[in-house]
Amino acid sequence: MRREIVKTLSNIATLLELKGENSFKIRAYKTGSDIIENFSGDIEQIAKDEKLDEIKGIGKALASKIQEIINTGKLSYYENLKSEFPDSIFELFDISNLGPKKIKNLYDNLKIDSIEKLEASCRSGEISQISGFGEKSVAKILEAIAFRKDNAKFFRTGDIAPIAEIILNLLKKLPQVSQAKIAGSYRRGKEIVHDIDFIVATKSPVEVIDQFTKMVEVDEIISKGKTKSSIRLNNGLQCDLRAVKSSEFPFALSYFTGSKAHNIRMRSLANSNEYTLNEYALIQKNKNEQIPIQNETELYEKLGLTYIPPALREGQGEIEASQNSTLPNLVKIDNLKGTFHNHTTASDGKNSLEEMANAAKDLGLQYLGISDHSKSSVQANGLSADRLLNQIDEVKKYNNNIEDNFKVFSGVECDILKNGNLDYDDSILSQLDYSVASVHSSFSLTEKEMTKRVIKAIENPFVTMIGHLTGRLLLIRKPYDINVSKIIDACAENNTIIEINANPRRLDMDWRWWKHAKDKGVKCSINPDAHKIEHFQFLHFGIKIAQKGWLESSDVVNCLPLGKIEKLLNLKK
DNA sequence: GCCGTTTTCGGCCCGACTGTTTTCAGTCG
């Protein structure tokens, strides 16, 4: 129900934008949607008690609309608004550089109400009839459409993790199922996936598959057979189920976990050991005899390997490392002792400094770095130098009132300005315990300019680490042009840390660079970029990315205990 | 549409960037 309210209010905001309504009215709906989404409490109960308008930001109008949604499951105001535009028009907002005004213009003048029509209009040149759509704009739109097409069949792992775990638990609970696991790229911890593979061990595959296809979330049954089935959920995500015998389970799990490259190596290794390996069994060639295996560890052992964690199964040398016993001892969530890059209500966070700190402490962390936005990030209520200095005092007060086994560090997420300068003078930065330097503007510089810009920040002695290095938003926005290799070299030279931004929309720097960075001696900080206490959970996604980058706890600075991290933070200064 | 020690109207965040309409509108964060 809450999701329904949140979605409805935010869709109303979009539709009002299209209609060119008063921007403050639009904002009221947007913030209303945010408030309901983040509200900690039983919104339906509050509606019942008729106390919705006591929530700050929810006035009489929104309260009665929310009430109507809760009571009737619908909202006539919204239905009426919706009827003015085709449903498909929402997808145009997925194209970057297209906002409400341009979309309205396209719709009014050329009846463009879908991405398909938009693309056709760009290609035919028809679109240039409208003012505001010159050559460069058209090229950008086509690029954005292509980007969306390439990525449309993918989902961010962080977005679909909740539903994946729900389905897994549903399968596990079926009486016919003895084992159930998620395989595929999800299990390998990829940042985006295009489907989810479930493997179950069962004696009654037909019954299990029947249950699988009858789940409430199923929108479409793509295929349904005796041992496997594919469905599409109502969010568009495809899920495959494979039902095997208990004895086949480890083979199926291994095979469907992949990656393809990893599987090829595994099979050829089996071959050279006089075995045949497929998704059901390991067979001794000369005797045509199946080798009984209990779990994946035993399968790896039969092939002369130590167990390879799923995160490493990308065909990046993990087989050789396993043979040579040089596999990394991968960092785990329990190794994290603290975290940097977290926001509070001082800038655009939802929880106060104290709430954030207490939550971190409750999670068993020993320290928390607070890094609100800097002054140039006006949209995020970035802190003026004075406000930042005040926050330093606030942190000191907090630390004075808390036991010695926990500490808050004063930091900032400092904008790297277009010319590579930082958003505060060194005299301000030097008063902080650390800083995260990030790019939030001028994304369109050339690779050369952008690389120079960020390296200038890396060389600043008061920059502790670089935040979300490439600025990418998975499936939404490409990374900006930057020479990551040169950045890594500069970080190695200047003792500057690179973060893994664990927000599931970012997961930046990409795991594909981390093995290289580690070899160069660059340290990592796994940061949730938390804007509220719930976001500390993002650390789980960050850990997966670190694992995919072969990182061990010694590579990750926030695995250091409190005493040692303090020394490290002082090192660069 | 929301809010209120300036309380029933008037203010609400705003600067940078981009392309293009060459003086600014639209988008973005």
# chains A, B, ... in the order shown; residues from 1 in each chain; ligands from 1
>>> interface_residues(of="chain B", to="chain A", cutoff="9 Å", atoms="only C-alpha atoms (C1' of nucleotides)", output="NGL selection string")
:B and (1-3 or 12-17 or 19-21 or 25-29)
>>> residues_around(residues="Asn71 in chain A", least_positions_apart="5", cutoff="10 Å", atoms="only C-alpha atoms (C1' of nucleotides)", output="mmCIF file with N, CA and C atoms, in the first residue's frame")
data_model
loop_
_atom_site.group_PDB
_atom_site.id
_atom_site.type_symbol
_atom_site.label_atom_id
_atom_site.label_comp_id
_atom_site.auth_asym_id
_atom_site.auth_seq_id
_atom_site.Cartn_x
_atom_site.Cartn_y
_atom_site.Cartn_z
ATOM 1 N N GLU A 44 -0.851 3.405 7.430
ATOM 2 C CA GLU A 44 -2.276 3.079 7.341
ATOM 3 C C GLU A 44 -2.992 3.352 8.663
ATOM 4 N N ALA A 47 -3.455 6.991 8.989
ATOM 5 C CA ALA A 47 -4.582 7.395 8.136
ATOM 6 C C ALA A 47 -5.901 7.096 8.842
ATOM 7 N N LYS A 48 -5.957 5.923 9.456
ATOM 8 C CA LYS A 48 -7.160 5.530 10.186
ATOM 9 C C LYS A 48 -7.467 6.522 11.312
ATOM 10 N N LYS A 65 -5.946 12.829 -0.165
ATOM 11 C CA LYS A 65 -5.644 11.971 -1.314
ATOM 12 C C LYS A 65 -5.061 10.628 -0.866
ATOM 13 N N ILE A 66 -4.165 10.697 0.106
ATOM 14 C CA ILE A 66 -3.591 9.452 0.632
ATOM 15 C C ILE A 66 -4.702 8.607 1.262
#
>>> select_by_dssp(residues="range 184-383 of chain A", states="alpha helix (DSSP H)", output="count of residues only")
59
>>> residues_around(residues="range 466-473 of chain A", least_positions_apart="3", cutoff="6 Å", atoms="only C-alpha atoms (C1' of nucleotides)", output="NGL selection string")
:A and (436-438 or 476-480 or 498-499 or 501 or 505-506 or 508-509)
>>> closest_residue(among="A:Ser121, A:Asn286, A:Ser229, A:Gln366", to="Asn271 in chain A", atoms="only C-alpha atoms")
A:Asn286
